[in-house]
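*Asks:* Below are the structure tokens for one structure; questions will follow.
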Amino acid sequence: MISKSFKASHLNTLESKLSALINESFRPNLAFVFASVELDIAKVRAAFEKYNLLVFGASTCGEICFDGSNEGIYEGSVAVTLVELNPEAFAGILIDGNGLNSLDLGKAVAAWGKKLFQKPAFLIAVSGLTANGQEVVEGVLETAGQNTFMFGGLAGDDAHFIETFVFNHDLINKNGAVAIAFDTDLVKLRGLATSGWVSIGSDKVVTKAIGNVVYTIDNEPALKVYKEHLNISDDDLPEIGIEYPLLVKKDNREVLRAVTGIDKEQQSLVFAGTVPQDAIVTFSTSPGFEIIEHTIKDIKQFFKDSDKADLMLLFSCMSRHRALGPVITEEIAEASHQAGLPITGFFTYGEIGNNGPARCDFYNETFTLAVISENYKMES
Amino acid sequence: MSKLIADIIEKLNSIKTSEDLDDSRNQLFEQLMALKKDTEAMQFKYDRASKEKNILYSLLAKTSKDLNLAVTNLKIRAEELSTLLSAIPALVYFKNEKLEYQIVNNAFEDFLNLKLNDILGKKIKELLPDYQSSDYDKIEEDVIKRGVPVYNLEEIIKKQAREIYLSTNLAPVKSSTGPVIGLVGVSYDITVRKNYEFELTRAKEQAEAGTRAKSEFLANMSHEIRTPMNGIIGMAEILKHTHLDNEQLTHLEAIEVSANSLLSLINDVLDFSKIEAGKLDFEIIVFDLRKVLTDVERILSTKANEKGLEFRVICDDNVPSSLKGDPHRLKQIVLNLASNAIKFTAKGYVEVHIKYDKPKPNHHLLRFEVSDTGIGVSKDGRKSLFKEFSQVDASTTRKYGGTGLGLSISKKLVQMMNGKIGMESKFGKGSTFWFTAELGKIDADVKATTVIQQEKLDLISRIDKDLSVLLVEDNKINQKIAVYNLTQAGYKVELAENGHEAVIKFKNGKFDLILMDVLMPVMNGFRATQKIRAIEQYRTRKNKDYVHHVPVIALTANAMKGDREACLAAGMDGYISKPFKQKELAELLHNLLRGQVQ
């Protein structure tokens, strides 16, 4: 596997860098493209059209392209990794989610992957602000098996919360999923997901919720509860809602669920994943810059237990960027340093991944790193 | 950052000339760029902290408000619970795992006459030094160890020279994470209830004593009633063998029929009273079912023939003959159903059919069916059939007679054999009465010494010819009847007036059979039999060749529960109710000796 990464702030820079990199000696067949909605997503996609490439693309809430010599985090630009990989080891698809709920979207992705490979692993990006990341994950695992490895995230739109996109080499979709399926006989996909967010405030009960829409908390309208507790206005949501997600406790399990949309009329909140009715919830926050130490410790432990990597993709929550500012580079730099590889990725509205050997899950507020390696190398 | 600034200041101070500046320019530039980066991060942190401060302050304020509200609500709830706890009219307490009181209610304080602070943290032994609590402590420890509740634990507490009965329920209390952290106990003062219980027990004992007295009265009455009946039936039988003209014979037969009906009525009432008192004698012995059926056929076929009815008994081949149970009671049920059928059938037939129903562990379940071509039973009549004192209607009683107890006695007897009873009928087209009975399987052979067996076989061969009988009876009328009956059968009879005389006659004579009345002056039948058996044993010890066992049959009028046991315990071989007929005696002897030989 050969890969090359770069970042571009303008479309013409993107085009010129592509034409400079792709030549006789480097013929990539896969491109990871994470672009700000500030650039015209249609034109970003078009820039790849003339190359024989399979594109895995998503709009972002900040781009990541770290090679050890730069800041690594950007806004209003596009981060690209071009990969030359055994063409038998992977395939790509873009599924239009119109008319499908999130569970069925996940099932469709998995059904496609299962047709191609006996034991597929997936990279996935999902668009649409009402998408339920958790349901997508459940759909995939129900169809492809509970021990399937999958990494990815919900696309962003620079915290405008208007519309998000996923795309491949010839299509763009505002309410669907783009996915790469890997043949796990040839390619290994592993990773970690770590957060560090802590709960704050008193326990509350979700008194009315359907799927990822919460109507009332402690019998009060959910939007009112958020505004009153955080002393914010309607305009601050859902942006602040991503930084102060709910810690949801149900059946001895704790997950963070970030607000990705509001309904002023219904006074309800749309979360990036399911918030079950009757669940106990508290607000949560990053306890400060020391969470970076927490992440670095987890990264070190992960690489201590891992084989050598060929490629790394990072799906990091946009709220980490908000909370940690320029300091966030430290956790990205640590992962890059540990693997000796550059990292490309984006700041998301929600992350998907397996934390070590654990079952794949949907998260908010996490640093979710996907590590890809070709199997034959390990054998040799 | 301050070190960076200090380095820059030091570097700037060291610049004296323009050459120095040229030398340090690049280094200073790098240091200033690093300073810029640090400052930007610092600025970000500052801005972030300001923004976060507002949100966190708001969250804190709201949370404090929430917590205050929660605390207020908890206080209200605690007060409500405390009020509830105080109002519960029982002693309620919570103990930790060391069995020290942690929470108690007002009733508990009042019971011990102690203040709350004197109770909390203490163990029961410290509060009630006289109380023997070790058993109680063990039970409480067990509740904590095993985590399971205990209900209705009763104990007596002595308080101010008064005994107080407490009933306690104990339940383990678990923490939210699982382990048992103590127990809650609720004790009720049940002294009043206990006193009622004692009174009830006393009343029950008195009632039982009353019932016992009634049963004894019943036994005595049965004796008293049967003795004159014995006289009437016996004397009628004797009279029958004298020279009588036709008219006299007709009258005599009327006396006989009436006396037999009366005896049968008395037997029914007696059986029913015994069932009611739960004192019906029910034995479990080995018997031959086909023999029982032959008896039934013999008894009823004459009656049926007289009415011009066909009477048949069919027993399927797969029905075993040797069974364990009460043959007399079984016969009683079949006789009752079959004689009813004969009674209510004007023409056609009556059939008794025995089928094998199914095997059960240790038992055979048999089905007995009695079908007839008689008047049948109407739908309404069926409802009251098996109820006591009821017949289908009043006209039935007038036309056919009877007590109306037969079927209800049969039903009770069937229940005692773990069976069911029922009937199918079409009014005017005959009926089928059926019942099932569980009868024991035979697993062990009854063994007897060969000598006695041989002796018994000899005796059996002579039963119908010439036995030498010692009759022990104090009642003159009974003596006459028995002597007449036995002589008619060809037996040689020696008479003894009481038990004492019987023992003497036994010592000096040689008898094949002793018929022994039970209640007699001077020495009763039990005592006399014991003496006779002792003599036999002594003779056997003295002379090994002397192996002899004279059958002793008790003559009883009071066939109450326990009589059979008393007879057997005294060494008797069987008993026969007075008044007996020669045929019955012969039958009993056959059964008795054959059963023992088997």
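To be explicit about the labels: the chains of the structure tokens are called A, B, and onward in the order shown, and within each one the residues are counted from 1, while ligands get numbers from 1 in the order they are shown.
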Write out as a PDB file with all heavy atoms, in the first residue's frame the residues lying within 8 Å of Ser373 of chain A, counting only C-alpha atoms and excluding same-chain residues fewer than 4 positions away.

*Replies:*
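The result, stored in part17.pdb:
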ATOM      1  N   VAL A 187      -7.139  -7.118   3.968  1.00  0.00           N
ATOM      2  CA  VAL A 187      -6.889  -5.838   4.652  1.00  0.00           C
ATOM      3  C   VAL A 187      -7.425  -5.926   6.080  1.00  0.00           C
ATOM      4  O   VAL A 187      -8.503  -6.468   6.309  1.00  0.00           O
ATOM      5  CB  VAL A 187      -7.597  -4.683   3.899  1.00  0.00           C
ATOM      6  CG1 VAL A 187      -7.554  -3.400   4.721  1.00  0.00           C
ATOM      7  CG2 VAL A 187      -6.960  -4.467   2.547  1.00  0.00           C
ATOM      8  N   LYS A 188      -6.634  -5.395   7.000  1.00  0.00           N
ATOM      9  CA  LYS A 188      -7.069  -5.408   8.398  1.00  0.00           C
ATOM     10  C   LYS A 188      -7.471  -3.999   8.799  1.00  0.00           C
ATOM     11  O   LYS A 188      -6.748  -3.033   8.485  1.00  0.00           O
ATOM     12  CB  LYS A 188      -5.910  -5.912   9.269  1.00  0.00           C
ATOM     13  CG  LYS A 188      -6.294  -6.114  10.713  1.00  0.00           C
ATOM     14  CD  LYS A 188      -5.110  -6.689  11.477  1.00  0.00           C
ATOM     15  CE  LYS A 188      -5.420  -6.771  12.953  1.00  0.00           C
ATOM     16  NZ  LYS A 188      -4.264  -7.269  13.695  1.00  0.00           N
ATOM     17  N   LEU A 189      -8.622  -3.885   9.474  1.00  0.00           N
ATOM     18  CA  LEU A 189      -9.118  -2.580   9.920  1.00  0.00           C
ATOM     19  C   LEU A 189      -9.329  -2.635  11.431  1.00  0.00           C
ATOM     20  O   LEU A 189     -10.093  -3.455  11.933  1.00  0.00           O
ATOM     21  CB  LEU A 189     -10.452  -2.295   9.202  1.00  0.00           C
ATOM     22  CG  LEU A 189     -11.120  -0.950   9.418  1.00  0.00           C
ATOM     23  CD1 LEU A 189     -10.211   0.208   9.029  1.00  0.00           C
ATOM     24  CD2 LEU A 189     -12.419  -0.874   8.608  1.00  0.00           C
ATOM     25  N   LYS A 308       1.940  -3.197  12.869  1.00  0.00           N
ATOM     26  CA  LYS A 308       2.331  -2.005  12.106  1.00  0.00           C
ATOM     27  C   LYS A 308       1.179  -1.564  11.201  1.00  0.00           C
ATOM     28  O   LYS A 308       0.451  -2.381  10.666  1.00  0.00           O
ATOM     29  CB  LYS A 308       3.557  -2.333  11.244  1.00  0.00           C
ATOM     30  CG  LYS A 308       4.240  -1.093  10.717  1.00  0.00           C
ATOM     31  CD  LYS A 308       5.387  -1.445   9.827  1.00  0.00           C
ATOM     32  CE  LYS A 308       6.005  -0.206   9.199  1.00  0.00           C
ATOM     33  NZ  LYS A 308       5.045   0.729   8.651  1.00  0.00           N
ATOM     34  N   ALA A 309       1.019  -0.227  11.070  1.00  0.00           N
ATOM     35  CA  ALA A 309      -0.082   0.308  10.270  1.00  0.00           C
ATOM     36  C   ALA A 309       0.419   0.816   8.921  1.00  0.00           C
ATOM     37  O   ALA A 309       1.591   1.171   8.776  1.00  0.00           O
ATOM     38  CB  ALA A 309      -0.748   1.442  11.025  1.00  0.00           C
ATOM     39  N   ASP A 310      -0.482   0.836   7.913  1.00  0.00           N
ATOM     40  CA  ASP A 310      -0.147   1.385   6.595  1.00  0.00           C
ATOM     41  C   ASP A 310      -0.806   2.732   6.349  1.00  0.00           C
ATOM     42  O   ASP A 310      -0.302   3.537   5.561  1.00  0.00           O
ATOM     43  CB  ASP A 310      -0.610   0.418   5.497  1.00  0.00           C
ATOM     44  CG  ASP A 310       0.207  -0.857   5.487  1.00  0.00           C
ATOM     45  OD1 ASP A 310       1.423  -0.778   5.743  1.00  0.00           O
ATOM     46  OD2 ASP A 310      -0.382  -1.937   5.253  1.00  0.00           O
ATOM     47  N   LEU A 311      -1.946   2.942   6.990  1.00  0.00           N
ATOM     48  CA  LEU A 311      -2.712   4.154   6.712  1.00  0.00           C
ATOM     49  C   LEU A 311      -3.571   4.463   7.932  1.00  0.00           C
ATOM     50  O   LEU A 311      -4.084   3.554   8.573  1.00  0.00           O
ATOM     51  CB  LEU A 311      -3.632   3.875   5.501  1.00  0.00           C
ATOM     52  CG  LEU A 311      -4.532   5.005   5.028  1.00  0.00           C
ATOM     53  CD1 LEU A 311      -3.703   6.129   4.400  1.00  0.00           C
ATOM     54  CD2 LEU A 311      -5.551   4.472   4.024  1.00  0.00           C
TER      55      LEU A 311
END

*Asks:* Considering only C-alpha atoms, tabulate each residue of chain B that lies at most 8 Å from chain A along with its nearest interatomic pair and the corresponding distance in Å to one decimal; arrange the rows by chain and ascending residue number and present them as JSON lines.

*Replies:*
{"residue": "B:Ala41", "atom": "CA", "partner": "A:Pro326", "partner_atom": "CA", "distance": 6.3}
{"residue": "B:Phe44", "atom": "CA", "partner": "A:Gly325", "partner_atom": "CA", "distance": 6.6}
{"residue": "B:Lys45", "atom": "CA", "partner": "A:Gly325", "partner_atom": "CA", "distance": 7.9}
{"residue": "B:Arg48", "atom": "CA", "partner": "A:Ala323", "partner_atom": "CA", "distance": 7.2}
{"residue": "B:Asn54", "atom": "CA", "partner": "A:Asn231", "partner_atom": "CA", "distance": 7.9}
{"residue": "B:Ile55", "atom": "CA", "partner": "A:Leu230", "partner_atom": "CA", "distance": 5.0}
{"residue": "B:Leu56", "atom": "CA", "partner": "A:Leu230", "partner_atom": "CA", "distance": 7.2}
{"residue": "B:Ser58", "atom": "CA", "partner": "A:Leu230", "partner_atom": "CA", "distance": 5.6}
{"residue": "B:Leu59", "atom": "CA", "partner": "A:His229", "partner_atom": "CA", "distance": 5.0}
{"residue": "B:Leu60", "atom": "CA", "partner": "A:Gly201", "partner_atom": "CA", "distance": 6.8}
{"residue": "B:Lys62", "atom": "CA", "partner": "A:His229", "partner_atom": "CA", "distance": 5.8}
{"residue": "B:Thr63", "atom": "CA", "partner": "A:Gly201", "partner_atom": "CA", "distance": 5.2}
{"residue": "B:Asp66", "atom": "CA", "partner": "A:Ser202", "partner_atom": "CA", "distance": 7.1}
{"residue": "B:Leu67", "atom": "CA", "partner": "A:Ser202", "partner_atom": "CA", "distance": 7.1}

*Asks:* Among segment 70-281 of chain B, which ones does DSSP place in strand (DSSP E or B), written as a ChimeraX atom specification?

*Replies:* /B:91-96,101-104,150-159,162-174,180-189

*Asks:* So which residues touch segment 111-114 of chain B within 10 Å, counting only C-alpha atoms, skipping near sequence neighbours fewer than 3 positions away, as JSON, numbers by chain?

*Replies:* {"B": [90, 91, 106, 107, 108, 117, 118, 119, 127, 128, 159, 189]}

*Asks:* Could you please write out, as an NGL selection string, every residue of segment 131-311 of chain A that DSSP assigns to alpha helix (DSSP H)?

*Replies:* :A and (133-144 or 222-230 or 239-243 or 291-304)

*Asks:* May I have the selected residues written with N, CA and C atoms, as a compact mmCIF listing (two decimals), in the first residue's frame?

*Replies:*
# COMPACT_ATOMS: atom_id res chain seq x y z
N GLY A 133 -26.99 7.98 13.96
CA GLY A 133 -25.74 7.21 13.80
C GLY A 133 -25.81 5.85 14.45
N GLN A 134 -26.45 5.80 15.58
CA GLN A 134 -26.53 4.51 16.28
C GLN A 134 -27.34 3.49 15.48
N GLU A 135 -28.44 3.95 14.89
CA GLU A 135 -29.27 3.04 14.09
C GLU A 135 -28.51 2.55 12.87
N VAL A 136 -27.69 3.43 12.26
CA VAL A 136 -26.89 3.01 11.11
C VAL A 136 -25.98 1.86 11.54
N VAL A 137 -25.31 2.05 12.68
CA VAL A 137 -24.41 1.01 13.18
C VAL A 137 -25.18 -0.29 13.45
N GLU A 138 -26.35 -0.17 14.11
CA GLU A 138 -27.13 -1.38 14.41
C GLU A 138 -27.53 -2.10 13.13
N GLY A 139 -27.90 -1.31 12.11
CA GLY A 139 -28.29 -1.90 10.83
C GLY A 139 -27.16 -2.69 10.20
N VAL A 140 -25.97 -2.13 10.24
CA VAL A 140 -24.81 -2.82 9.65
C VAL A 140 -24.52 -4.11 10.43
N LEU A 141 -24.49 -3.99 11.77
CA LEU A 141 -24.10 -5.15 12.58
C LEU A 141 -25.15 -6.26 12.51
N GLU A 142 -26.41 -5.87 12.44
CA GLU A 142 -27.47 -6.88 12.34
C GLU A 142 -27.30 -7.73 11.09
N THR A 143 -26.86 -7.08 10.00
CA THR A 143 -26.76 -7.78 8.72
C THR A 143 -25.40 -8.42 8.50
N ALA A 144 -24.34 -7.69 8.88
CA ALA A 144 -22.99 -8.20 8.58
C ALA A 144 -22.40 -9.00 9.73
N ALA A 222 -37.59 19.51 26.11
CA ALA A 222 -36.14 19.26 26.10
C ALA A 222 -35.35 20.51 25.73
N LEU A 223 -35.87 21.30 24.77
CA LEU A 223 -35.14 22.50 24.34
C LEU A 223 -35.03 23.50 25.50
N LYS A 224 -36.13 23.62 26.25
CA LYS A 224 -36.18 24.54 27.40
C LYS A 224 -35.15 24.09 28.45
N VAL A 225 -35.09 22.79 28.70
CA VAL A 225 -34.16 22.26 29.70
C VAL A 225 -32.72 22.64 29.30
N TYR A 226 -32.39 22.44 28.03
CA TYR A 226 -31.03 22.75 27.57
C TYR A 226 -30.72 24.24 27.74
N LYS A 227 -31.66 25.07 27.28
CA LYS A 227 -31.43 26.52 27.32
C LYS A 227 -31.30 27.02 28.75
N GLU A 228 -32.18 26.52 29.61
CA GLU A 228 -32.15 27.00 31.00
C GLU A 228 -30.89 26.55 31.74
N HIS A 229 -30.51 25.31 31.51
CA HIS A 229 -29.35 24.80 32.24
C HIS A 229 -28.05 25.44 31.78
N LEU A 230 -27.95 25.69 30.47
CA LEU A 230 -26.69 26.23 29.96
C LEU A 230 -26.74 27.76 29.79
N GLU A 239 -25.13 24.11 18.11
CA GLU A 239 -23.67 24.15 18.21
C GLU A 239 -23.18 23.86 19.64
N ILE A 240 -23.77 24.58 20.61
CA ILE A 240 -23.35 24.37 22.01
C ILE A 240 -23.75 22.96 22.47
N GLY A 241 -24.82 22.48 21.86
CA GLY A 241 -25.32 21.14 22.22
C GLY A 241 -24.33 20.05 21.87
N ILE A 242 -23.45 20.30 20.92
CA ILE A 242 -22.44 19.28 20.60
C ILE A 242 -21.33 19.31 21.65
N GLU A 243 -21.06 20.49 22.18
CA GLU A 243 -20.00 20.60 23.19
C GLU A 243 -20.47 20.11 24.57
N ILE A 291 -7.82 16.53 29.14
CA ILE A 291 -8.34 15.34 28.46
C ILE A 291 -7.38 14.89 27.37
N ILE A 292 -6.55 15.79 26.92
CA ILE A 292 -5.56 15.41 25.90
C ILE A 292 -4.63 14.34 26.48
N GLU A 293 -4.26 14.52 27.74
CA GLU A 293 -3.39 13.51 28.38
C GLU A 293 -4.07 12.16 28.41
N HIS A 294 -5.36 12.22 28.68
CA HIS A 294 -6.18 11.00 28.71
C HIS A 294 -6.14 10.32 27.34
N THR A 295 -6.32 11.13 26.27
CA THR A 295 -6.33 10.58 24.91
C THR A 295 -4.95 10.01 24.57
N ILE A 296 -3.91 10.75 24.92
CA ILE A 296 -2.54 10.32 24.59
C ILE A 296 -2.21 8.98 25.26
N LYS A 297 -2.66 8.83 26.50
CA LYS A 297 -2.44 7.57 27.21
C LYS A 297 -3.12 6.41 26.47
N ASP A 298 -4.37 6.65 26.02
CA ASP A 298 -5.10 5.60 25.28
C ASP A 298 -4.42 5.28 23.95
N ILE A 299 -3.91 6.33 23.28
CA ILE A 299 -3.24 6.13 21.98
C ILE A 299 -1.99 5.26 22.17
N LYS A 300 -1.20 5.59 23.20
CA LYS A 300 0.03 4.83 23.46
C LYS A 300 -0.30 3.37 23.73
N GLN A 301 -1.30 3.16 24.55
CA GLN A 301 -1.69 1.79 24.89
C GLN A 301 -2.13 1.04 23.64
N PHE A 302 -2.90 1.72 22.77
CA PHE A 302 -3.40 1.07 21.56
C PHE A 302 -2.24 0.63 20.67
N PHE A 303 -1.29 1.53 20.46
CA PHE A 303 -0.20 1.17 19.54
C PHE A 303 0.76 0.16 20.15
N LYS A 304 0.81 0.13 21.47
CA LYS A 304 1.63 -0.88 22.13
C LYS A 304 1.11 -2.28 21.80

*Asks:* List the spatial neighbours of Ala279 of chain A as JSON, numbers by chain - criterion: any atom at most 8 Å away, only C-alpha atoms, same-chain residues fewer than 4 positions off excluded.

*Replies:* {"A": [205, 206, 248, 249, 250, 275]}

*Asks:* Please measure the separation of atom CA of Gln488 of chain B and atom CA of Ile233 of chain B, giving the value in Å to one decimal.

*Replies:*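 Separation between atom CA of Gln488 of chain B and atom CA of Ile233 of chain B: 15.6 Å.
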
*Asks:* Out of B:Lys347, B:Ser264, B:Leu439, B:Ile333, which residue has the shortest atom-to-atom distance to Leu289 of chain B when counting only C-alpha atoms?

*Replies:*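 Of the candidates, the smallest distance to Leu289 of chain B is held by B:Leu439.
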
*Asks:* What's around segment 3-10 of chain A at 8 Å? Count only C-alpha atoms, leave out sequence neighbours fewer than 4 positions away in its own chain, and write the answer as JSON, numbers by chain.

*Replies:* {"A": [14, 17, 28, 39, 65, 76, 77, 78, 79, 80, 81, 82, 83, 84, 311, 342, 344]}

*Asks:* Residues as selected, all heavy atoms, written as a short mmCIF file (atom, residue, chain, number, x, y, z; two decimals), in the first residue's frame, can you do that?

*Replies:*
data_model
loop_
_atom_site.label_atom_id
_atom_site.label_comp_id
_atom_site.auth_asym_id
_atom_site.auth_seq_id
_atom_site.Cartn_x
_atom_site.Cartn_y
_atom_site.Cartn_z
N LEU A 14 -6.05 22.23 -5.33
CA LEU A 14 -6.42 20.81 -5.32
C LEU A 14 -6.11 20.18 -6.67
O LEU A 14 -5.46 19.12 -6.73
CB LEU A 14 -7.91 20.67 -5.00
CG LEU A 14 -8.54 19.28 -5.15
CD1 LEU A 14 -7.97 18.32 -4.11
CD2 LEU A 14 -10.06 19.35 -5.02
N LYS A 17 -2.34 19.94 -7.34
CA LYS A 17 -1.65 18.94 -6.51
C LYS A 17 -1.98 17.53 -7.00
O LYS A 17 -1.11 16.65 -7.01
CB LYS A 17 -2.04 19.10 -5.04
CG LYS A 17 -1.38 20.30 -4.40
CD LYS A 17 -1.31 20.19 -2.89
CE LYS A 17 -0.50 21.34 -2.34
NZ LYS A 17 -0.44 21.37 -0.91
N PRO A 28 -2.71 5.97 -7.79
CA PRO A 28 -3.67 5.62 -6.72
C PRO A 28 -5.01 5.14 -7.30
O PRO A 28 -5.40 5.57 -8.38
CB PRO A 28 -3.85 6.93 -5.97
CG PRO A 28 -3.53 7.99 -6.95
CD PRO A 28 -2.49 7.43 -7.87
N LEU A 39 -15.81 25.32 0.37
CA LEU A 39 -15.45 25.00 -1.01
C LEU A 39 -16.71 24.41 -1.64
O LEU A 39 -17.53 23.81 -0.95
CB LEU A 39 -14.33 23.96 -1.05
CG LEU A 39 -13.01 24.37 -0.41
CD1 LEU A 39 -12.05 23.19 -0.42
CD2 LEU A 39 -12.40 25.55 -1.15
N CYS A 65 -5.14 17.09 8.39
CA CYS A 65 -4.12 16.54 7.49
C CYS A 65 -2.78 16.79 8.14
O CYS A 65 -2.19 17.87 8.03
CB CYS A 65 -4.22 17.22 6.12
SG CYS A 65 -3.10 16.48 4.92
N GLY A 76 -12.17 25.44 6.12
CA GLY A 76 -12.42 25.98 4.78
C GLY A 76 -11.53 25.37 3.71
O GLY A 76 -11.32 25.98 2.67
N SER A 77 -11.01 24.18 3.93
CA SER A 77 -10.11 23.58 2.95
C SER A 77 -10.52 22.12 2.66
O SER A 77 -11.60 21.69 3.06
CB SER A 77 -8.67 23.64 3.46
OG SER A 77 -8.59 22.97 4.69
N VAL A 78 -9.67 21.41 1.93
CA VAL A 78 -9.93 20.02 1.65
C VAL A 78 -8.69 19.19 2.01
O VAL A 78 -7.57 19.60 1.69
CB VAL A 78 -10.36 19.80 0.17
CG1 VAL A 78 -9.32 20.35 -0.81
CG2 VAL A 78 -10.62 18.32 -0.14
N ALA A 79 -8.92 18.06 2.72
CA ALA A 79 -7.81 17.17 3.09
C ALA A 79 -7.95 15.90 2.25
O ALA A 79 -9.05 15.35 2.13
CB ALA A 79 -7.89 16.83 4.57
N VAL A 80 -6.83 15.48 1.63
CA VAL A 80 -6.90 14.35 0.69
C VAL A 80 -5.82 13.33 1.02
O VAL A 80 -4.69 13.69 1.34
CB VAL A 80 -6.69 14.84 -0.76
CG1 VAL A 80 -6.72 13.67 -1.75
CG2 VAL A 80 -7.73 15.88 -1.14
N THR A 81 -6.19 12.04 0.96
CA THR A 81 -5.19 10.97 0.98
C THR A 81 -5.44 10.09 -0.24
O THR A 81 -6.57 9.63 -0.46
CB THR A 81 -5.28 10.14 2.27
OG1 THR A 81 -4.82 10.93 3.35
CG2 THR A 81 -4.41 8.89 2.19
N LEU A 82 -4.40 9.92 -1.05
CA LEU A 82 -4.50 9.07 -2.23
C LEU A 82 -3.82 7.74 -1.90
O LEU A 82 -2.73 7.74 -1.32
CB LEU A 82 -3.79 9.73 -3.41
CG LEU A 82 -4.35 11.10 -3.82
CD1 LEU A 82 -3.43 11.76 -4.84
CD2 LEU A 82 -5.76 10.98 -4.37
N VAL A 83 -4.46 6.66 -2.26
CA VAL A 83 -3.94 5.35 -1.86
C VAL A 83 -3.86 4.43 -3.08
O VAL A 83 -4.80 4.37 -3.89
CB VAL A 83 -4.85 4.69 -0.81
CG1 VAL A 83 -4.23 3.39 -0.29
CG2 VAL A 83 -5.14 5.63 0.34
N GLU A 84 -2.76 3.72 -3.16
CA GLU A 84 -2.64 2.67 -4.18
C GLU A 84 -2.71 1.34 -3.42
O GLU A 84 -1.83 1.04 -2.63
CB GLU A 84 -1.30 2.82 -4.93
CG GLU A 84 -1.27 2.05 -6.22
CD GLU A 84 0.07 2.19 -6.94
OE1 GLU A 84 0.68 3.28 -6.87
OE2 GLU A 84 0.49 1.20 -7.52
N LEU A 311 -1.95 2.94 6.99
CA LEU A 311 -2.71 4.15 6.71
C LEU A 311 -3.57 4.46 7.93
O LEU A 311 -4.08 3.55 8.57
CB LEU A 311 -3.63 3.87 5.50
CG LEU A 311 -4.53 5.01 5.03
CD1 LEU A 311 -3.70 6.13 4.40
CD2 LEU A 311 -5.55 4.47 4.02
N PRO A 342 1.39 9.74 8.42
CA PRO A 342 0.54 10.94 8.44
C PRO A 342 -0.90 10.55 8.76
O PRO A 342 -1.27 9.38 8.64
CB PRO A 342 0.66 11.50 7.03
CG PRO A 342 1.07 10.35 6.18
CD PRO A 342 1.82 9.39 7.04
N THR A 344 -5.00 11.64 8.02
CA THR A 344 -5.98 12.48 7.34
C THR A 344 -7.33 12.18 7.98
O THR A 344 -7.58 11.06 8.42
CB THR A 344 -6.06 12.11 5.85
OG1 THR A 344 -4.73 12.17 5.33
CG2 THR A 344 -6.95 13.08 5.08
#

*Asks:* Could you list, as a VMD selection string, every residue within 12 Å of Ala482 of chain B, counting only C-alpha atoms and ignoring same-chain residues fewer than 5 positions away?

*Replies:* chain B and resid 230 to 231 233 to 235 237 to 238 469 to 477 487 to 489 491 to 495 515 to 517 555 578 to 582 585

*Asks:* Could you tell me how far atom CA of Lys107 of chain A sits from atom CA of Leu247 of chain A, in Å to one decimal place?

*Replies:*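 Answer for the atom CA of Leu247 of chain A to atom CA of Lys107 of chain A separation: 27.0 Å.
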
*Asks:* I need the residue nearest Ser36 of chain A from this list: A:Pro120, A:Gly92, A:Gly156, A:Gly72. Use only C-alpha atoms for the distance.

*Replies:*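 Of the candidates, the smallest distance to Ser36 of chain A is held by A:Gly156.
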
*Asks:* Mind checking which residues fall within 10 Å of segment 416-430 of chain B, counting only C-alpha atoms, ignoring those fewer than 3 positions away in the same chain, and posting them as a PyMOL selection string?

*Replies:* chain B and resi 280+282+325-326+329-330+341+344-345+348-350+365-379+381-382+385-386+407+410-413+433-440
